[in-house]
Each structure stands twice: as C-alpha cells, then as structure tokens.
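Source file: final-v7.cif; contents: mmCIF, C-alpha atoms and all ligand atoms.
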```cif
data_my_file
#
loop_
_atom_site.label_atom_id
_atom_site.label_comp_id
_atom_site.auth_asym_id
_atom_site.auth_seq_id
_atom_site.Cartn_x
_atom_site.Cartn_y
_atom_site.Cartn_z
CA MET W 1 -28.66 -122.14 84.13
CA PRO W 2 -26.99 -120.57 81.09
CA SER W 3 -27.88 -120.97 77.44
CA TYR W 4 -25.19 -121.26 74.80
CA VAL W 5 -25.88 -119.65 71.47
CA PRO W 6 -23.72 -119.68 68.35
CA HIS W 7 -22.83 -116.77 66.12
CA LYS W 8 -23.74 -117.03 62.48
CA VAL W 9 -22.35 -116.05 59.11
CA ILE W 10 -24.14 -115.54 55.82
CA PHE W 11 -22.48 -117.34 52.91
CA PHE W 12 -24.81 -116.07 50.22
CA GLY W 13 -27.84 -113.87 49.71
CA GLU W 14 -27.85 -111.22 52.44
CA HIS W 15 -30.01 -108.22 51.53
CA ALA W 16 -31.59 -110.17 48.64
CA VAL W 17 -33.28 -112.37 51.26
CA VAL W 18 -35.18 -109.33 52.56
CA TYR W 19 -36.99 -109.33 49.18
CA GLY W 20 -37.77 -113.05 49.17
CA TYR W 21 -34.67 -114.28 47.30
CA PRO W 22 -32.76 -117.28 48.70
CA SER W 23 -29.89 -117.09 51.18
CA ILE W 24 -27.53 -119.53 52.87
CA SER W 25 -26.31 -118.93 56.38
CA SER W 26 -24.53 -121.12 58.91
CA THR W 27 -23.74 -121.27 62.58
CA ILE W 28 -20.05 -121.07 63.48
CA ASP W 29 -18.13 -122.70 66.26
CA ILE W 30 -18.08 -119.58 68.45
CA PHE W 31 -20.70 -119.69 71.18
CA SER W 32 -21.70 -117.06 73.71
CA LYS W 33 -22.93 -117.88 77.19
CA ILE W 34 -26.11 -116.13 78.24
CA GLN W 35 -27.30 -115.95 81.82
CA ILE W 36 -30.23 -114.23 83.46
CA ILE W 37 -29.30 -112.77 86.85
CA PRO W 38 -30.85 -110.22 89.25
CA ASN W 39 -30.50 -106.62 88.07
CA LYS W 40 -29.07 -105.36 91.37
CA TYR W 41 -28.07 -101.92 90.13
CA ASN W 42 -30.99 -101.36 87.74
CA TYR W 43 -28.74 -101.28 84.70
CA LEU W 44 -30.44 -100.11 81.53
CA GLN W 45 -30.42 -102.77 78.81
CA THR W 46 -30.86 -102.61 75.05
CA PRO W 47 -34.43 -102.63 73.65
CA PHE W 48 -33.81 -106.17 72.25
CA VAL W 49 -32.91 -107.47 75.71
CA GLN W 50 -35.78 -105.63 77.39
CA GLU W 51 -38.31 -107.09 74.94
CA ALA W 52 -36.91 -110.60 75.28
CA LEU W 53 -37.01 -110.43 79.08
CA LYS W 54 -40.58 -109.12 78.95
CA HIS W 55 -41.55 -112.05 76.73
CA ILE W 56 -40.48 -114.56 79.39
CA GLY W 57 -41.86 -112.49 82.29
CA GLN W 58 -38.47 -111.52 83.72
CA GLU W 59 -38.31 -107.82 82.90
CA LYS W 60 -36.69 -107.03 86.27
CA SER W 61 -33.67 -109.23 85.54
CA TYR W 62 -30.30 -108.57 84.00
CA VAL W 63 -28.79 -110.42 81.05
CA LYS W 64 -25.12 -111.32 81.29
CA VAL W 65 -23.48 -112.11 77.96
CA ASP W 66 -20.06 -113.74 77.85
CA SER W 67 -18.77 -113.34 74.34
CA TYR W 68 -15.51 -112.42 72.72
CA ILE W 69 -17.12 -111.25 69.50
CA PRO W 70 -17.73 -107.50 69.37
CA SER W 71 -21.39 -106.52 69.03
CA GLY W 72 -22.17 -104.81 65.72
CA SER W 73 -19.86 -107.26 63.99
CA GLY W 74 -22.52 -108.60 61.61
CA LEU W 75 -22.27 -112.04 63.19
CA GLY W 76 -25.76 -112.08 64.62
CA THR W 77 -25.13 -110.75 68.13
CA SER W 78 -28.54 -109.20 68.71
CA SER W 79 -30.44 -112.27 67.45
CA MET W 80 -28.16 -114.44 69.53
CA VAL W 81 -28.94 -112.56 72.72
CA ILE W 82 -32.69 -112.66 72.04
CA VAL W 83 -32.59 -116.43 71.42
CA GLY W 84 -30.39 -117.01 74.48
CA VAL W 85 -32.81 -115.12 76.73
CA LEU W 86 -35.98 -116.75 75.33
CA MET W 87 -34.51 -120.23 75.83
CA HIS W 88 -34.83 -119.67 79.56
CA ASN W 89 -38.50 -120.46 78.94
CA ARG W 90 -38.28 -124.22 78.41
CA ASP W 91 -41.45 -124.28 76.32
CA LEU W 92 -39.71 -122.24 73.66
CA ARG W 93 -37.67 -124.48 71.42
CA GLY W 94 -37.27 -125.05 67.66
CA GLU W 95 -39.89 -123.39 65.48
CA ALA W 96 -41.68 -121.66 68.38
CA LEU W 97 -38.38 -120.21 69.59
CA ALA W 98 -37.35 -119.02 66.12
CA LYS W 99 -40.74 -117.36 65.61
CA ALA W 100 -40.81 -115.64 68.99
CA ALA W 101 -37.24 -114.39 68.52
CA TYR W 102 -38.04 -112.96 65.09
CA GLU W 103 -41.15 -111.22 66.43
CA ILE W 104 -38.97 -109.43 68.98
CA GLU W 105 -36.35 -108.50 66.42
CA TYR W 106 -39.05 -107.18 64.11
CA THR W 107 -40.81 -105.22 66.87
CA VAL W 108 -37.61 -103.44 67.82
CA GLN W 109 -36.00 -103.06 64.40
CA GLY W 110 -39.09 -102.80 62.19
CA LEU W 111 -37.58 -104.55 59.17
CA GLY W 112 -35.30 -107.34 58.03
CA SER W 113 -35.64 -111.07 57.58
CA PRO W 114 -35.82 -113.92 60.11
CA ILE W 115 -32.64 -115.62 58.83
CA ASP W 116 -30.40 -114.75 61.77
CA THR W 117 -32.80 -115.97 64.43
CA THR W 118 -33.69 -119.20 62.58
CA THR W 119 -30.04 -120.03 61.84
CA ILE W 120 -29.02 -119.52 65.45
CA VAL W 121 -31.89 -121.72 66.70
CA ALA W 122 -31.54 -124.52 64.13
CA GLY W 123 -27.77 -124.67 63.62
CA GLY W 124 -25.92 -125.94 60.54
CA PHE W 125 -26.23 -124.62 56.99
CA VAL W 126 -29.62 -122.98 56.73
CA MET W 127 -31.07 -122.28 53.32
CA THR W 128 -33.85 -119.75 53.05
CA ASN W 129 -36.30 -119.93 50.15
CA GLY W 130 -34.64 -122.77 48.27
CA ASN W 131 -35.90 -126.25 47.48
CA TYR W 132 -32.85 -127.95 48.90
CA GLY W 133 -32.19 -130.05 52.00
CA ILE W 134 -34.38 -131.02 54.94
CA PRO W 135 -37.35 -128.69 55.55
CA LEU W 136 -37.35 -126.82 58.86
CA TRP W 137 -40.23 -124.31 59.12
CA LYS W 138 -41.56 -121.17 57.51
CA ILE W 139 -42.08 -117.70 58.90
CA SER W 140 -44.39 -115.06 57.44
CA LYS W 141 -44.53 -111.33 58.05
CA GLU W 142 -46.85 -108.93 56.31
CA ASN W 143 -46.89 -110.13 52.69
CA LYS W 144 -43.59 -112.05 52.85
CA THR W 145 -42.84 -115.67 53.68
CA TRP W 146 -39.46 -117.25 54.30
CA ASN W 147 -39.10 -121.04 53.99
CA PHE W 148 -36.20 -122.62 55.82
CA SER W 149 -34.33 -125.88 55.33
CA ASN W 150 -31.11 -127.46 56.58
CA LEU W 151 -28.56 -128.13 53.84
CA PRO W 152 -26.59 -131.36 54.21
CA GLY W 153 -23.12 -129.78 53.91
CA LYS W 154 -19.74 -130.76 55.33
CA ASN W 155 -18.43 -128.28 57.88
CA MET W 156 -15.61 -126.10 56.63
CA GLU W 157 -12.90 -123.86 57.99
CA ILE W 158 -13.49 -120.15 57.69
CA PHE W 159 -11.55 -117.04 58.59
CA ILE W 160 -13.73 -114.25 59.89
CA VAL W 161 -12.31 -110.78 59.62
CA TYR W 162 -13.88 -108.01 61.67
CA VAL W 163 -13.08 -104.64 60.10
CA GLY W 164 -14.90 -102.39 62.59
CA PRO W 165 -18.44 -101.35 63.58
CA LYS W 166 -20.93 -101.69 60.76
CA GLY W 167 -23.49 -99.08 61.76
CA SER W 168 -27.02 -100.39 62.10
CA THR W 169 -28.40 -103.19 59.93
CA LYS W 170 -31.41 -100.95 59.50
CA GLU W 171 -29.31 -98.23 57.83
CA GLN W 172 -27.79 -100.69 55.35
CA VAL W 173 -31.16 -102.30 54.59
CA GLU W 174 -32.62 -98.82 53.96
CA LYS W 175 -29.74 -98.01 51.63
CA VAL W 176 -30.53 -101.07 49.52
CA ARG W 177 -34.26 -100.30 49.64
CA LYS W 178 -33.61 -96.90 48.04
CA PHE W 179 -31.80 -98.68 45.16
CA MET W 180 -34.72 -101.06 44.82
CA GLU W 181 -37.21 -98.21 44.60
CA ARG W 182 -35.22 -96.62 41.79
CA GLY W 183 -35.91 -99.46 39.38
CA ARG W 184 -34.87 -102.45 37.34
CA PHE W 185 -31.11 -102.28 37.80
CA ALA W 186 -31.29 -103.19 41.50
CA LYS W 187 -33.75 -105.98 40.70
CA GLU W 188 -31.24 -107.47 38.24
CA ILE W 189 -28.57 -107.48 40.93
CA MET W 190 -30.98 -109.28 43.24
CA GLU W 191 -31.73 -111.84 40.51
CA ASN W 192 -27.99 -112.46 40.09
CA ILE W 193 -27.54 -112.91 43.82
CA GLY W 194 -30.43 -115.38 43.74
CA MET W 195 -28.69 -117.44 41.04
CA ILE W 196 -25.36 -117.33 42.86
CA THR W 197 -27.07 -118.55 46.03
CA ARG W 198 -28.78 -121.48 44.32
CA GLU W 199 -25.47 -122.53 42.77
CA GLY W 200 -23.93 -122.08 46.21
CA ALA W 201 -26.38 -124.60 47.67
CA SER W 202 -25.27 -127.34 45.25
CA ALA W 203 -21.61 -126.44 45.81
CA ILE W 204 -22.06 -126.75 49.59
CA ILE W 205 -23.82 -130.10 49.21
CA ARG W 206 -20.96 -131.34 46.96
CA ASN W 207 -18.36 -129.80 49.33
CA ASP W 208 -16.82 -128.06 46.32
CA ILE W 209 -14.68 -125.49 48.13
CA VAL W 210 -13.25 -124.00 44.93
CA LYS W 211 -16.73 -123.31 43.55
CA ILE W 212 -18.01 -121.98 46.88
CA GLY W 213 -15.07 -119.54 46.92
CA GLU W 214 -15.75 -118.38 43.34
CA LEU W 215 -19.41 -117.81 44.11
CA MET W 216 -18.55 -115.87 47.26
CA ASN W 217 -16.42 -113.53 45.15
CA GLU W 218 -19.26 -113.04 42.69
CA ASN W 219 -21.73 -112.36 45.49
CA HIS W 220 -19.38 -109.80 47.00
CA LYS W 221 -19.13 -107.92 43.70
CA GLU W 222 -22.91 -107.59 43.59
CA LEU W 223 -23.06 -106.31 47.18
CA LYS W 224 -20.37 -103.78 46.36
CA ILE W 225 -22.61 -102.21 43.72
CA PHE W 226 -25.07 -101.36 46.50
CA GLY W 227 -22.36 -99.33 48.24
CA LEU W 228 -21.96 -101.79 51.11
CA SER W 229 -18.18 -102.06 50.90
CA ASN W 230 -15.36 -99.67 51.85
CA PRO W 231 -11.59 -99.43 51.19
CA LEU W 232 -10.60 -101.57 54.18
CA ILE W 233 -13.12 -104.26 53.19
CA GLU W 234 -11.68 -104.24 49.65
CA LYS W 235 -8.16 -104.62 51.01
CA VAL W 236 -9.26 -107.70 52.98
CA ILE W 237 -11.04 -109.06 49.88
CA GLU W 238 -7.84 -108.69 47.87
CA ILE W 239 -5.83 -110.63 50.47
CA GLY W 240 -8.63 -113.21 50.76
CA ASN W 241 -8.58 -113.79 47.02
CA LYS W 242 -4.83 -114.14 46.91
CA PHE W 243 -4.43 -116.62 49.77
CA GLY W 244 -7.90 -118.11 50.03
CA TYR W 245 -10.54 -119.70 47.78
CA GLY W 246 -12.83 -116.68 48.01
CA ALA W 247 -13.97 -113.82 50.20
CA LYS W 248 -17.00 -111.65 50.76
CA LEU W 249 -18.60 -109.42 53.32
CA THR W 250 -21.11 -111.22 55.50
CA GLY W 251 -24.25 -109.66 56.95
CA ALA W 252 -25.42 -106.11 56.48
CA GLY W 253 -22.08 -104.63 55.33
CA GLY W 254 -20.80 -101.07 55.53
CA GLY W 255 -18.20 -102.39 58.00
CA GLY W 256 -18.73 -105.43 60.21
CA SER W 257 -17.25 -108.75 59.13
CA LEU W 258 -16.00 -110.65 56.11
CA ILE W 259 -15.62 -114.36 55.54
CA ILE W 260 -12.70 -115.96 53.74
CA LEU W 261 -12.34 -119.61 52.77
CA PRO W 262 -8.68 -120.14 53.69
CA ASP W 263 -6.15 -121.88 51.46
CA LYS W 264 -2.61 -120.70 52.31
CA LYS W 265 -3.41 -120.14 55.96
CA ASP W 266 -0.05 -118.88 57.22
CA LEU W 267 0.24 -116.21 54.54
CA LEU W 268 -3.38 -115.25 54.95
CA ARG W 269 -2.95 -114.81 58.70
CA GLU W 270 0.28 -112.86 58.26
CA LYS W 271 -1.15 -110.43 55.69
CA LEU W 272 -4.38 -109.88 57.60
CA ASN W 273 -2.49 -109.19 60.80
CA GLU W 274 -0.74 -106.30 59.05
CA LEU W 275 -4.12 -104.56 58.78
CA ASN W 276 -6.12 -102.97 61.56
CA VAL W 277 -8.63 -105.85 61.78
CA LYS W 278 -9.57 -108.70 64.14
CA LEU W 279 -9.23 -112.24 62.89
CA PHE W 280 -11.24 -115.23 64.12
CA GLU W 281 -10.20 -118.61 62.76
CA THR W 282 -13.16 -120.90 63.09
CA ARG W 283 -15.35 -123.53 61.41
CA THR W 284 -18.96 -123.86 60.54
CA THR W 285 -20.85 -126.15 62.92
CA SER W 286 -24.04 -128.15 62.79
CA VAL W 287 -24.85 -127.22 66.39
CA GLY W 288 -27.53 -124.65 67.20
CA SER W 289 -28.50 -123.07 70.53
CA PHE W 290 -28.61 -125.22 73.68
CA PHE W 291 -29.05 -125.14 77.43
CA LYS W 292 -26.55 -126.67 79.84
CA GLU W 293 -26.19 -127.10 83.62
O1 LIG X 301 -27.60 -107.94 60.89
P1 LIG X 301 -26.61 -108.74 60.12
O2 LIG X 301 -25.39 -108.00 59.83
O3 LIG X 301 -26.42 -110.08 60.69
O4 LIG X 301 -27.21 -109.02 58.63
C1 LIG X 301 -28.51 -108.98 58.30
C2 LIG X 301 -28.73 -109.55 56.93
C3 LIG X 301 -29.59 -108.70 56.04
O5 LIG X 301 -29.96 -109.52 54.93
C4 LIG X 301 -28.84 -107.50 55.52
C5 LIG X 301 -30.84 -108.19 56.73
C6 LIG X 301 -31.81 -109.28 57.12
O6 LIG X 301 -32.51 -109.08 58.11
O7 LIG X 301 -31.88 -110.31 56.43
#
```
Translate the structure described by the file into structure tokens.
Amino acid sequence: MPSYVPHKVIFFGEHAVVYGYPSISSTIDIFSKIQIIPNKYNYLQTPFVQEALKHIGQEKSYVKVDSYIPSGSGLGTSSMVIVGVLMHNRDLRGEALAKAAYEIEYTVQGLGSPIDTTTIVAGGFVMTNGNYGIPLWKISKENKTWNFSNLPGKNMEIFIVYVGPKGSTKEQVEKVRKFMERGRFAKEIMENIGMITREGASAIIRNDIVKIGELMNENHKELKIFGLSNPLIEKVIEIGNKFGYGAKLTGAGGGGSLIILPDKKDLLREKLNELNVKLFETRTTSVGSFFKE
C-alpha cells in the first residue's frame, strides 16, 4: 500500500528557525507516492532512505518514489521520503511520526530544524515558535525546542520556480552559521526575519495577500544578505515583483526554488518561461501525509 506525502514550501523564517526564531511553512498540492517493494537488484539507496527502512525493520526493501519534483529543489524531498517510508508502520502517525522522521533527518544530516518533517506530517500552514493558531506538538534537540501550531489560513495560489540544484542544505546552513559566529550583524538580520514572520502570521490569518507579498519581499532581502541568492534567483525575483504580489527564495537557498504570489498570471508565466527554470503552478493545501489502498 502506498503513502502519499506532500511537498512543502517555507513562506517565512527559513534559516532563522534553526536558531529558535519563528517560521511559517505550508504543504502544497503536489504529492509524491511512496511504495516499499522488494529490492530485487540490491540497489543502493540514500542514507535517509536506508535509515528510514531500518527504523521500520525493512532494511532489505527498496523505496519507489513517484514524484515530478526534482530532488534538491528545496521543497522538502528528503523529509517527504522519510515520512512516506515511516508511515508504512501504522503505529507511527502525528506527533510520533514527526519526531521519528526528524530523528532520522538529524542522524543523517547532523543539523537543521524539524520544520520540514512536521509540516509534511501535519499539513496546512505550520507556524514554528509563534503563539498563533492551534497547538500541534513540540520537538527538542540538544538545547533547542521548536513549538509547532497550525495557522488558520485560507489556501492560496502560488507559483513555484525551480532554478536548479541548490547544493546541500547543510552547506547553506553552515554558511549562515559562520555569519552568526562573526557577531551582532547576523543576529540583527535574524531579529528582522523574526518580526517579518510574526507579521506574516497575522497576514495569513487575515488572508491579506498584498501584505503577505510585501513581507515575502522583505524576507528575501534579508536572506540575500547571507549570500543565499544568485543572479538567476534575482532575475526571478524581479519578474515575481513585477507580475506578482511578492517573491522570495524558499528553503535553504543557493539555488533550489522560489515562491511567487501570482497576480498577472499570464504575464508571469510568459516571462518565467523565457528563463531556464521550471515552473509549478500550485496551491497551498491543508492536507498532510496519508495512506491509501
Ligand atoms: O532543506 P530545505 O531547502 O527544505 O530548507 C531547510 C530550511 C532551513 O531553515 C534552511 C534549514 C532547517 O532545517 O530548518
């Protein structure tokens, strides 16, 4: 029986969330189908997959992923595969599933926050470290704790633009960590991102698309200071600002994907298609991961 797991985007607060600041992420209406089948030809699988299979006692199996989103896109592919595999153990659902999935991600990657795994399990707009919405659960690691809640927001259309492989999340997180070690300036950027994210939560609850777009632009500018953008990303941002309500990179950055809140959709599509990028027109969804016959 397959599991179906959604991809996710981060609206606000990536990177800052690693240091305990708030973030807002959401599942999108693009699901991948994950099946566990016999590994007839002993194919080697990624460390994430191997760990997840080990966790459910199926290390000799093979994981088949049907997805049209490229991996390394910054849309949560590795977390999605981990969650999809673990769901084959029916005792793992909700909080227990999110915690087990994060443990695996942490074991393999050694850093990062549990926002991807929790968002993919819970579905909908997920706020991390904010006093908004309906409480979900909290996850702690070493001396950090992340508190999750579901924001009551109306689903919205988004354009996702994939600009090419992002390199590892780990590399980008390390890059930001070096800034943080150098002093106050990076901390101020994080504080700003925190404020933007909190304002973003009220804008999502009010369904104020114009404000959400403005805040996305502001958040992107802060991420750019950390060196997470590149010329192609900036070109997409420019188009996104012209024909949409706002645009920003989503996820680790350095490549990967951007999100745009579309306004003049035809022009936006036309201009983006002139660039060497992949466009996914989708919506946020309140659905999380599920199992189906
Ligand atoms: O791995 P991605 O691209 O989905 O983004 C991860 C988000 C970060 O905040 C950069 C890292 C993290 O683990 O929270």
For W:Val81, find every residue with an atom within 12 Å (counting only C-alpha atoms), except residues of its own chain fewer than 5 positions away, and show them as JSON, numbers by chain.
{"W": [2, 3, 4, 5, 6, 7, 31, 32, 33, 34, 35, 36, 45, 46, 47, 48, 49, 50, 51, 52, 53, 63, 64, 65, 66, 67, 71, 75, 76, 86, 87, 88, 101, 102, 104, 105, 116, 117, 120, 121, 289]}
Give me the residues near W:Gly164 as a ChimeraX atom specification, where near means some atom within 9 Å (using only C-alpha atoms) and where sequence neighbours in that chain fewer than 5 positions away do not count.
/W:70,72-73,255-257,276-278
Using all atoms listed in the file, which residues have at least one atom no more than 9 Å from ligand LIG 301 (chain X)? Output them as a short mmCIF file (atom, residue, chain, number, x, y, z; two decimals) with C-alpha atoms, in the frame of the given file.
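Here's the written file out-v3.cif:
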```
data_model
loop_
_atom_site.label_atom_id
_atom_site.label_comp_id
_atom_site.auth_asym_id
_atom_site.auth_seq_id
_atom_site.Cartn_x
_atom_site.Cartn_y
_atom_site.Cartn_z
CA LYS W 8 -23.74 -117.03 62.48
CA VAL W 9 -22.35 -116.05 59.11
CA ILE W 10 -24.14 -115.54 55.82
CA GLY W 13 -27.84 -113.87 49.71
CA GLU W 14 -27.85 -111.22 52.44
CA HIS W 15 -30.01 -108.22 51.53
CA ALA W 16 -31.59 -110.17 48.64
CA VAL W 17 -33.28 -112.37 51.26
CA VAL W 18 -35.18 -109.33 52.56
CA TYR W 19 -36.99 -109.33 49.18
CA SER W 23 -29.89 -117.09 51.18
CA GLY W 72 -22.17 -104.81 65.72
CA SER W 73 -19.86 -107.26 63.99
CA GLY W 74 -22.52 -108.60 61.61
CA LEU W 75 -22.27 -112.04 63.19
CA GLY W 76 -25.76 -112.08 64.62
CA THR W 77 -25.13 -110.75 68.13
CA SER W 78 -28.54 -109.20 68.71
CA SER W 79 -30.44 -112.27 67.45
CA LEU W 111 -37.58 -104.55 59.17
CA GLY W 112 -35.30 -107.34 58.03
CA SER W 113 -35.64 -111.07 57.58
CA PRO W 114 -35.82 -113.92 60.11
CA ILE W 115 -32.64 -115.62 58.83
CA ASP W 116 -30.40 -114.75 61.77
CA LYS W 166 -20.93 -101.69 60.76
CA SER W 168 -27.02 -100.39 62.10
CA THR W 169 -28.40 -103.19 59.93
CA LYS W 170 -31.41 -100.95 59.50
CA GLN W 172 -27.79 -100.69 55.35
CA VAL W 173 -31.16 -102.30 54.59
CA VAL W 176 -30.53 -101.07 49.52
CA THR W 250 -21.11 -111.22 55.50
CA GLY W 251 -24.25 -109.66 56.95
CA ALA W 252 -25.42 -106.11 56.48
CA GLY W 253 -22.08 -104.63 55.33
CA GLY W 256 -18.73 -105.43 60.21
CA SER W 257 -17.25 -108.75 59.13
#
```
With distances taken over all atoms listed in the file, which residue among W:Gly110, W:Gly94, W:Pro152, W:Gly20 lies nearest W:Ser202?
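That would be W:Pro152, the residue with the smallest distance to W:Ser202.
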Suppose you want the space between atom CA of W:Glu181 and atom CA of W:Ala201; what is it in Å?
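Separation between atom CA of W:Glu181 and atom CA of W:Ala201: 28.7 Å.
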Can you list, as a PDB file with C-alpha atoms, in the frame of the given file, every protein, DNA or RNA residue that comes within 12 Å of W:Ile158 when you count only C-alpha atoms, leaving out same-chain residues fewer than 3 positions away?
```pdb
ATOM      1  CA  LYS W   8     -23.740-117.030  62.480  1.00  0.00           C
ATOM      2  CA  VAL W   9     -22.350-116.050  59.110  1.00  0.00           C
ATOM      3  CA  ILE W  10     -24.140-115.540  55.820  1.00  0.00           C
ATOM      4  CA  PHE W  11     -22.480-117.340  52.910  1.00  0.00           C
ATOM      5  CA  SER W  26     -24.530-121.120  58.910  1.00  0.00           C
ATOM      6  CA  THR W  27     -23.740-121.270  62.580  1.00  0.00           C
ATOM      7  CA  ILE W  28     -20.050-121.070  63.480  1.00  0.00           C
ATOM      8  CA  ASP W  29     -18.130-122.700  66.260  1.00  0.00           C
ATOM      9  CA  ILE W  30     -18.080-119.580  68.450  1.00  0.00           C
ATOM     10  CA  ASN W 155     -18.430-128.280  57.880  1.00  0.00           C
ATOM     11  CA  VAL W 161     -12.310-110.780  59.620  1.00  0.00           C
ATOM     12  CA  ILE W 209     -14.680-125.490  48.130  1.00  0.00           C
ATOM     13  CA  ILE W 212     -18.010-121.980  46.880  1.00  0.00           C
ATOM     14  CA  GLY W 213     -15.070-119.540  46.920  1.00  0.00           C
ATOM     15  CA  GLY W 240      -8.630-113.210  50.760  1.00  0.00           C
ATOM     16  CA  GLY W 244      -7.900-118.110  50.030  1.00  0.00           C
ATOM     17  CA  TYR W 245     -10.540-119.700  47.780  1.00  0.00           C
ATOM     18  CA  GLY W 246     -12.830-116.680  48.010  1.00  0.00           C
ATOM     19  CA  ALA W 247     -13.970-113.820  50.200  1.00  0.00           C
ATOM     20  CA  LYS W 248     -17.000-111.650  50.760  1.00  0.00           C
ATOM     21  CA  THR W 250     -21.110-111.220  55.500  1.00  0.00           C
ATOM     22  CA  LEU W 258     -16.000-110.650  56.110  1.00  0.00           C
ATOM     23  CA  ILE W 259     -15.620-114.360  55.540  1.00  0.00           C
ATOM     24  CA  ILE W 260     -12.700-115.960  53.740  1.00  0.00           C
ATOM     25  CA  LEU W 261     -12.340-119.610  52.770  1.00  0.00           C
ATOM     26  CA  PRO W 262      -8.680-120.140  53.690  1.00  0.00           C
ATOM     27  CA  ASP W 263      -6.150-121.880  51.460  1.00  0.00           C
ATOM     28  CA  LYS W 265      -3.410-120.140  55.960  1.00  0.00           C
ATOM     29  CA  LEU W 268      -3.380-115.250  54.950  1.00  0.00           C
ATOM     30  CA  ARG W 269      -2.950-114.810  58.700  1.00  0.00           C
ATOM     31  CA  LEU W 279      -9.230-112.240  62.890  1.00  0.00           C
ATOM     32  CA  PHE W 280     -11.240-115.230  64.120  1.00  0.00           C
ATOM     33  CA  GLU W 281     -10.200-118.610  62.760  1.00  0.00           C
ATOM     34  CA  THR W 282     -13.160-120.900  63.090  1.00  0.00           C
ATOM     35  CA  ARG W 283     -15.350-123.530  61.410  1.00  0.00           C
ATOM     36  CA  THR W 284     -18.960-123.860  60.540  1.00  0.00           C
ATOM     37  CA  THR W 285     -20.850-126.150  62.920  1.00  0.00           C
TER      38      THR W 285
END
```
Of the candidates W:Trp137, W:Tyr162, W:Tyr68, W:Phe243, which shows the shortest atom-to-atom distance to W:Lys271, using all atoms listed in the file?
W:Phe243
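Of the listed residues W:Phe125, W:Tyr132, W:Phe12, W:Phe291, the one whose atoms come nearest to W:Lys154 is W:Phe125, with distances taken using only C-alpha atoms.
We find atom CA of W:Glu191 and atom CA of W:Asn230 to be spaced 23.3 Å apart.
With atom CA of W:Glu222 on one side and atom CA of W:Ile237 on the other, the separation reads 13.5 Å.
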